[in-house]
Structures are given as C-alpha cells and as structure tokens.
file final-v4.txt (compact mmCIF, C-alpha atoms)
# COMPACT_ATOMS: atom_id res chain seq x y z
CA MET A 1 7.08 -57.84 25.64
CA PRO A 2 4.19 -59.11 27.84
CA SER A 3 0.75 -58.81 26.33
CA LEU A 4 -1.24 -55.76 27.42
CA SER A 5 -4.88 -55.70 28.37
CA VAL A 6 -7.09 -53.37 26.36
CA SER A 7 -7.31 -51.06 29.39
CA GLU A 8 -3.50 -50.92 29.66
CA ALA A 9 -3.14 -50.16 25.95
CA VAL A 10 -5.69 -47.33 26.26
CA GLN A 11 -3.79 -45.80 29.18
CA ARG A 12 -0.37 -46.12 27.55
CA ARG A 13 -1.37 -44.82 24.14
CA ARG A 14 -0.42 -41.21 23.50
CA SER A 15 0.31 -39.02 20.52
CA VAL A 16 4.09 -39.22 20.24
CA ARG A 17 5.76 -36.18 18.70
CA ALA A 18 9.39 -37.29 18.60
CA PHE A 19 10.46 -40.72 17.37
CA LEU A 20 13.65 -42.76 17.40
CA PRO A 21 14.98 -43.92 14.01
CA THR A 22 14.50 -47.56 15.11
CA PRO A 23 12.83 -49.32 12.14
CA VAL A 24 9.48 -51.09 12.31
CA ALA A 25 9.16 -54.18 10.13
CA SER A 26 6.64 -53.92 7.31
CA ASP A 27 5.32 -57.39 8.19
CA VAL A 28 4.45 -56.14 11.69
CA ILE A 29 2.67 -53.09 10.29
CA ARG A 30 0.77 -55.28 7.82
CA ASP A 31 -0.29 -57.68 10.60
CA VAL A 32 -1.50 -54.85 12.86
CA LEU A 33 -3.45 -53.10 10.11
CA THR A 34 -5.00 -56.38 8.97
CA GLU A 35 -6.23 -56.97 12.54
CA ALA A 36 -7.44 -53.37 12.75
CA THR A 37 -9.73 -53.85 9.76
CA ARG A 38 -11.97 -55.83 12.12
CA ALA A 39 -13.03 -52.41 13.48
CA ALA A 40 -16.74 -51.67 13.27
CA SER A 41 -18.18 -49.78 10.30
CA GLY A 42 -21.79 -48.92 9.54
CA GLY A 43 -23.28 -51.34 7.05
CA ASN A 44 -19.87 -53.05 6.94
CA LEU A 45 -18.86 -50.51 4.28
CA GLN A 46 -15.24 -50.56 5.49
CA PRO A 47 -14.71 -47.13 3.91
CA TRP A 48 -10.97 -46.95 4.53
CA VAL A 49 -8.06 -47.18 2.09
CA LEU A 50 -4.57 -47.15 3.63
CA TYR A 51 -1.18 -46.43 2.09
CA VAL A 52 1.93 -47.29 4.15
CA LEU A 53 5.33 -45.59 3.96
CA ASN A 54 8.35 -47.50 5.24
CA GLY A 55 12.00 -47.85 4.36
CA ALA A 56 12.80 -46.54 0.87
CA SER A 57 9.33 -45.06 0.31
CA MET A 58 9.62 -43.03 3.51
CA GLN A 59 13.03 -41.72 2.45
CA LEU A 60 11.63 -40.65 -0.92
CA PHE A 61 8.64 -38.97 0.71
CA ARG A 62 10.82 -37.10 3.21
CA ALA A 63 12.92 -35.73 0.35
CA LEU A 64 9.76 -34.65 -1.47
CA MET A 65 8.39 -32.90 1.62
CA ASP A 66 11.66 -31.06 2.19
CA SER A 67 11.33 -29.56 -1.28
CA ARG A 68 7.61 -28.80 -0.81
CA LEU A 69 8.24 -27.05 2.51
CA ALA A 70 10.99 -24.96 0.96
CA GLU A 71 8.56 -23.87 -1.78
CA ASN A 72 5.49 -23.35 0.39
CA PRO A 73 5.80 -23.81 4.18
CA LEU A 74 2.05 -23.18 4.67
CA GLY A 75 0.98 -26.14 2.54
CA GLU A 76 -1.75 -26.57 -0.05
CA LYS A 77 -5.45 -25.78 0.13
CA PRO A 78 -7.09 -28.28 2.53
CA GLU A 79 -10.11 -30.21 1.29
CA TYR A 80 -11.83 -30.05 4.68
CA ALA A 81 -11.62 -28.02 7.88
CA VAL A 82 -9.96 -29.92 10.72
CA TYR A 83 -11.70 -27.68 13.29
CA PRO A 84 -14.90 -25.60 13.07
CA PRO A 85 -14.01 -21.98 12.21
CA ASP A 86 -15.55 -20.57 15.41
CA LEU A 87 -14.91 -23.00 18.25
CA LYS A 88 -17.11 -22.36 21.27
CA GLU A 89 -16.45 -23.36 24.85
CA PRO A 90 -15.35 -25.73 26.24
CA TYR A 91 -13.72 -26.88 22.98
CA ARG A 92 -11.79 -23.67 22.35
CA THR A 93 -10.16 -23.80 25.78
CA ARG A 94 -9.31 -27.48 25.44
CA ARG A 95 -7.53 -26.84 22.14
CA PHE A 96 -5.74 -23.77 23.50
CA GLU A 97 -4.57 -25.55 26.65
CA ILE A 98 -3.07 -28.57 24.90
CA GLY A 99 -1.17 -26.30 22.51
CA GLU A 100 0.19 -24.13 25.29
CA ALA A 101 1.15 -27.20 27.34
CA MET A 102 3.13 -28.56 24.40
CA TYR A 103 5.00 -25.30 23.81
CA ALA A 104 5.73 -25.03 27.53
CA HIS A 105 7.43 -28.44 27.43
CA LEU A 106 9.41 -27.24 24.40
CA GLY A 107 10.31 -23.91 26.00
CA ILE A 108 8.86 -21.88 23.09
CA PRO A 109 7.02 -18.69 24.20
CA ARG A 110 3.93 -17.36 22.40
CA SER A 111 5.94 -14.39 21.17
CA ASP A 112 8.33 -16.61 19.17
CA ARG A 113 6.14 -17.27 16.14
CA SER A 114 9.04 -18.36 13.98
CA ALA A 115 10.05 -21.09 16.42
CA ARG A 116 6.43 -22.24 16.69
CA LEU A 117 6.12 -22.51 12.91
CA GLN A 118 9.37 -24.45 12.77
CA TRP A 119 8.06 -26.86 15.36
CA LEU A 120 4.75 -27.28 13.54
CA GLN A 121 6.65 -28.36 10.44
CA ASN A 122 7.73 -31.47 12.33
CA ASN A 123 4.19 -32.66 11.53
CA ASP A 124 5.24 -32.66 7.88
CA ARG A 125 8.14 -34.98 8.70
CA PHE A 126 6.11 -37.44 10.78
CA PHE A 127 8.07 -36.26 13.83
CA GLY A 128 10.98 -38.39 12.66
CA ALA A 129 9.02 -41.67 12.65
CA PRO A 130 10.52 -44.39 10.42
CA ALA A 131 7.11 -45.52 9.13
CA ALA A 132 3.68 -44.01 8.60
CA LEU A 133 0.33 -44.47 6.92
CA PHE A 134 -2.10 -42.28 5.05
CA CYS A 135 -5.83 -42.92 5.44
CA PHE A 136 -8.14 -42.13 2.51
CA ALA A 137 -11.87 -42.51 1.94
CA ASP A 138 -14.04 -42.33 -1.16
CA ARG A 139 -15.36 -38.82 -1.74
CA ILE A 140 -18.95 -40.09 -1.73
CA MET A 141 -18.63 -40.94 1.98
CA GLY A 142 -20.16 -38.67 4.62
CA PRO A 143 -19.73 -37.97 8.35
CA PRO A 144 -20.95 -41.44 9.47
CA GLN A 145 -18.24 -43.10 7.39
CA TRP A 146 -15.62 -40.64 8.63
CA SER A 147 -16.46 -41.83 12.14
CA ASP A 148 -15.73 -45.34 10.86
CA LEU A 149 -12.25 -44.16 9.86
CA GLY A 150 -11.74 -43.03 13.44
CA MET A 151 -12.72 -46.46 14.75
CA LEU A 152 -10.24 -48.14 12.42
CA LEU A 153 -7.43 -45.76 13.39
CA ALA A 154 -8.15 -46.04 17.13
CA THR A 155 -8.14 -49.83 16.86
CA ALA A 156 -4.83 -49.73 14.99
CA MET A 157 -3.23 -47.45 17.58
CA LEU A 158 -4.19 -49.80 20.42
CA LEU A 159 -2.92 -52.83 18.50
CA PHE A 160 0.37 -51.06 17.81
CA GLN A 161 0.61 -50.19 21.51
CA GLU A 162 0.09 -53.84 22.38
CA ARG A 163 3.23 -54.58 20.38
CA GLY A 164 5.23 -51.78 22.01
CA ILE A 165 4.96 -49.50 18.98
CA ASP A 166 4.00 -45.84 19.34
CA THR A 167 1.89 -43.70 17.03
CA CYS A 168 0.64 -40.20 16.35
CA PRO A 169 -2.56 -39.61 14.34
CA GLN A 170 -2.17 -36.47 12.21
CA GLU A 171 -5.01 -34.56 10.60
CA ALA A 172 -2.31 -31.97 9.85
CA TRP A 173 -1.72 -33.87 6.60
CA SER A 174 -4.98 -32.37 5.33
CA ARG A 175 -2.75 -29.42 4.35
CA TRP A 176 -1.01 -31.52 1.70
CA PRO A 177 -3.83 -33.37 -0.14
CA LYS A 178 -2.37 -33.13 -3.65
CA THR A 179 1.22 -33.91 -2.69
CA VAL A 180 0.20 -36.99 -0.72
CA ALA A 181 -2.32 -38.27 -3.28
CA ASP A 182 0.18 -37.88 -6.12
CA PHE A 183 2.94 -39.62 -4.19
CA VAL A 184 0.90 -42.67 -3.15
CA GLY A 185 -0.92 -42.86 -6.47
CA ALA A 186 -4.41 -42.54 -4.98
CA PRO A 187 -7.17 -42.38 -7.62
CA PRO A 188 -9.07 -39.06 -7.85
CA GLU A 189 -12.21 -40.48 -6.22
CA LEU A 190 -10.30 -40.93 -2.96
CA MET A 191 -9.86 -38.09 -0.47
CA LEU A 192 -7.06 -37.85 2.09
CA PHE A 193 -8.36 -37.91 5.67
CA CYS A 194 -5.21 -38.07 7.78
CA GLY A 195 -1.79 -39.58 8.33
CA MET A 196 -0.36 -41.56 11.21
CA ALA A 197 3.28 -41.70 12.35
CA ILE A 198 4.45 -45.16 13.43
CA GLY A 199 7.60 -45.98 15.41
CA HIS A 200 9.19 -45.86 18.86
CA ALA A 201 9.02 -42.79 21.09
CA ASP A 202 12.23 -40.95 21.92
CA PRO A 203 12.14 -40.98 25.75
CA ALA A 204 14.55 -38.04 25.97
CA ALA A 205 12.49 -35.68 23.81
CA PRO A 206 10.74 -32.87 25.76
CA ALA A 207 7.67 -33.15 23.49
CA ASN A 208 7.05 -36.66 24.77
CA ARG A 209 6.77 -35.55 28.37
CA LEU A 210 3.33 -34.12 27.62
CA ARG A 211 0.39 -36.12 28.94
CA SER A 212 -2.85 -34.57 27.76
CA THR A 213 -5.66 -34.05 30.24
CA ARG A 214 -9.26 -35.19 29.86
CA ALA A 215 -12.49 -33.54 30.96
CA PRO A 216 -13.95 -34.96 34.18
CA ALA A 217 -16.19 -37.95 33.49
CA ALA A 218 -19.15 -36.16 35.09
CA GLU A 219 -18.82 -33.40 32.49
CA VAL A 220 -19.25 -35.64 29.47
CA ILE A 221 -21.02 -38.81 30.72
CA HIS A 222 -24.64 -38.52 31.81
CA PHE A 223 -26.70 -41.39 33.21
CA LEU A 224 -30.49 -41.03 32.96

call {"tool": "encode", "arguments": {"input": "final-v4.txt", "output": "structure tokens"}}
result
Amino acid sequence: MPSLSVSEAVQRRRSVRAFLPTPVASDVIRDVLTEATRAASGGNLQPWVLYVLNGASMQLFRALMDSRLAENPLGEKPEYAVYPPDLKEPYRTRRFEIGEAMYAHLGIPRSDRSARLQWLQNNDRFFGAPAALFCFADRIMGPPQWSDLGMLLATAMLLFQERGIDTCPQEAWSRWPKTVADFVGAPPELMLFCGMAIGHADPAAPANRLRSTRAPAAEVIHFL
C-alpha cells in the first residue's frame, strides 16, 4: 500500500475491537517493533521488554485463557490501578461516554450486565487478533519510565498503521499479571504493563464503527 504520512497514520489509527483471522508475519512484527525502539526514553533507559504472541504461541495462549476465564471470569489481582479510584471531571465523563458509545454500537443496554461482561471478556481474547504483544517493565521503574512505555507503544501503533496493520492497546491485561508472566516466562523483576492486539480490522464488526471523540483543542492546549 502507499506510504502514509505521520499525520495520516495518526488520523487512521484507532483501537480496533474486532479482528479478522488474517495472519500477520512475525518478520513484519519484528521489523516494526525494532523501528519502534527508536522511541524517546528519559536517560535512554529504554525500560521496555516485549513478548510477542503469534501463530502457535497465540493458539496456546488462547486455550490457556479459555480455561482461566472458566475458572475465574473476573481475573487475578491487578498490580496497579488502570484508573484513579475517584475520577473527577472531565475525566469521569470522558470515560463514561466512550463506554456508552461502544455499547450503543453493539446494541447492549446498561441493564444487560451479563451481555456487557461477555463483551468485556473479548479483551481477554485480544478481540480475535492473530498476533499480540505484552509490554513489561522492571519493577524498579517509576511513572517517568511508564510514560516511556507509552511513547514506545504509540510509535509502534503508528508504524503498524503505516503498513496497513491495525492495533488495540490493552491495559485490561493488568487483570492477568500472573497468568501472562508465567506463560511468557518473564522473570519476577519484570511487571506487566499492558498488552496490544495486532492484526487487521473486521470492517463488518459493529464495534469497529466507533470513532472516539477528543476534547476541543482550546480545552487542553494553552498558549501563554
């Protein structure tokens, strides 16, 4: 496909929540992630450690997650809070609105808690993506280094988009720290930060019709 500008990749990137089974070559994933490691990091610490699932490893992990979900659909004890416990405005409304917009596209009302839980469990299956990664960092790292992880992941998502490959970053994997660490063989000094689904969006899936909104620029950008 034609090469995209950075601006085009930014506009096209979205969090895809339903993937086609179309495989993504491991060599392509390796090339993209190798390029992404040029992302900035404070002091050049490069605090990221990535584990990639593809092909046979993804099949094994899916089977493991099916058994884990049958045993405990709520997951394990997270090692960090994805969101602050008491979100204030405007953050609370932003989170509420994106969730309600998604369920509206899916046709699941607020009253149907069972259906909502079932949908949420798609997170634990990478939304059907054929490939994925898990991002870890050393436990000694603090908030500045976690921001470095975000820069790496954002860079990777744009590079995947350049190649016509879709993604979905997933902090929802924080609910399965032990299962993931045991499966990938991460040493105990590493802590799971998030996962990322990698593949091609299913254009017919209602979940992929969602285009999230952004706050007006004047609300968040202030020139002095």

call {"tool": "closest_atom_pairs", "arguments": {"input": "final-v4.txt", "of": "region 71-108 of chain A", "to": "region 160-184 of chain A", "cutoff": "7 Å", "atoms": "all atoms listed in the file", "output": "CSV"}}
result
residue,atom,partner,partner_atom,distance
A:Gly75,CA,A:Arg175,CA,5.3
A:Glu76,CA,A:Trp176,CA,5.3
A:Lys77,CA,A:Arg175,CA,6.2
A:Pro78,CA,A:Arg175,CA,4.8
A:Glu79,CA,A:Ser174,CA,6.9
A:Val82,CA,A:Glu171,CA,6.8

call {"tool": "axis_aligned_box", "arguments": {"input": "final-v4.txt", "around": "region 137-149 of chain A", "padding_each_side": "3 Å", "output": "AutoDock Vina command-line options"}}
result
--center_x -16.4 --center_y -41.7 --center_z 5.2 --size_x 15.1 --size_y 13.4 --size_z 19.9

call {"tool": "closest_residue", "arguments": {"input": "final-v4.txt", "among": "A:Ala137, A:Arg125, A:Cys194, A:Ala218", "to": "Arg17 (chain A)", "atoms": "all atoms listed in the file"}}
result
A:Arg125

call {"tool": "atom_distance", "arguments": {"input": "final-v4.txt", "atom1": "CA of Ser147 (chain A)", "atom2": "CA of Trp119 (chain A)"}}
result
28.9 Å

call {"tool": "closest_residue", "arguments": {"input": "final-v4.txt", "among": "A:Val52, A:Phe193, A:Gly185, A:Phe96", "to": "Ala81 (chain A)", "atoms": "all atoms listed in the file"}}
result
A:Phe193

call {"tool": "closest_residue", "arguments": {"input": "final-v4.txt", "among": "A:Leu50, A:Ala40, A:Ala132, A:Ala205", "to": "Pro144 (chain A)", "atoms": "only C-alpha atoms"}}
result
A:Ala40

call {"tool": "residues_around", "arguments": {"input": "final-v4.txt", "residues": "Leu133 (chain A)", "least_positions_apart": "4", "cutoff": "8 Å", "atoms": "only C-alpha atoms", "output": "PyMOL selection string"}}
result
chain A and resi 50-53+195-198

call {"tool": "closest_residue", "arguments": {"input": "final-v4.txt", "among": "A:Phe223, A:Pro203, A:Asp148, A:Leu159", "to": "Ser41 (chain A)", "atoms": "all atoms listed in the file"}}
result
A:Asp148

call {"tool": "atom_distance", "arguments": {"input": "final-v4.txt", "atom1": "CA of Ser3 (chain A)", "atom2": "CA of Val49 (chain A)"}}
result
28.3 Å
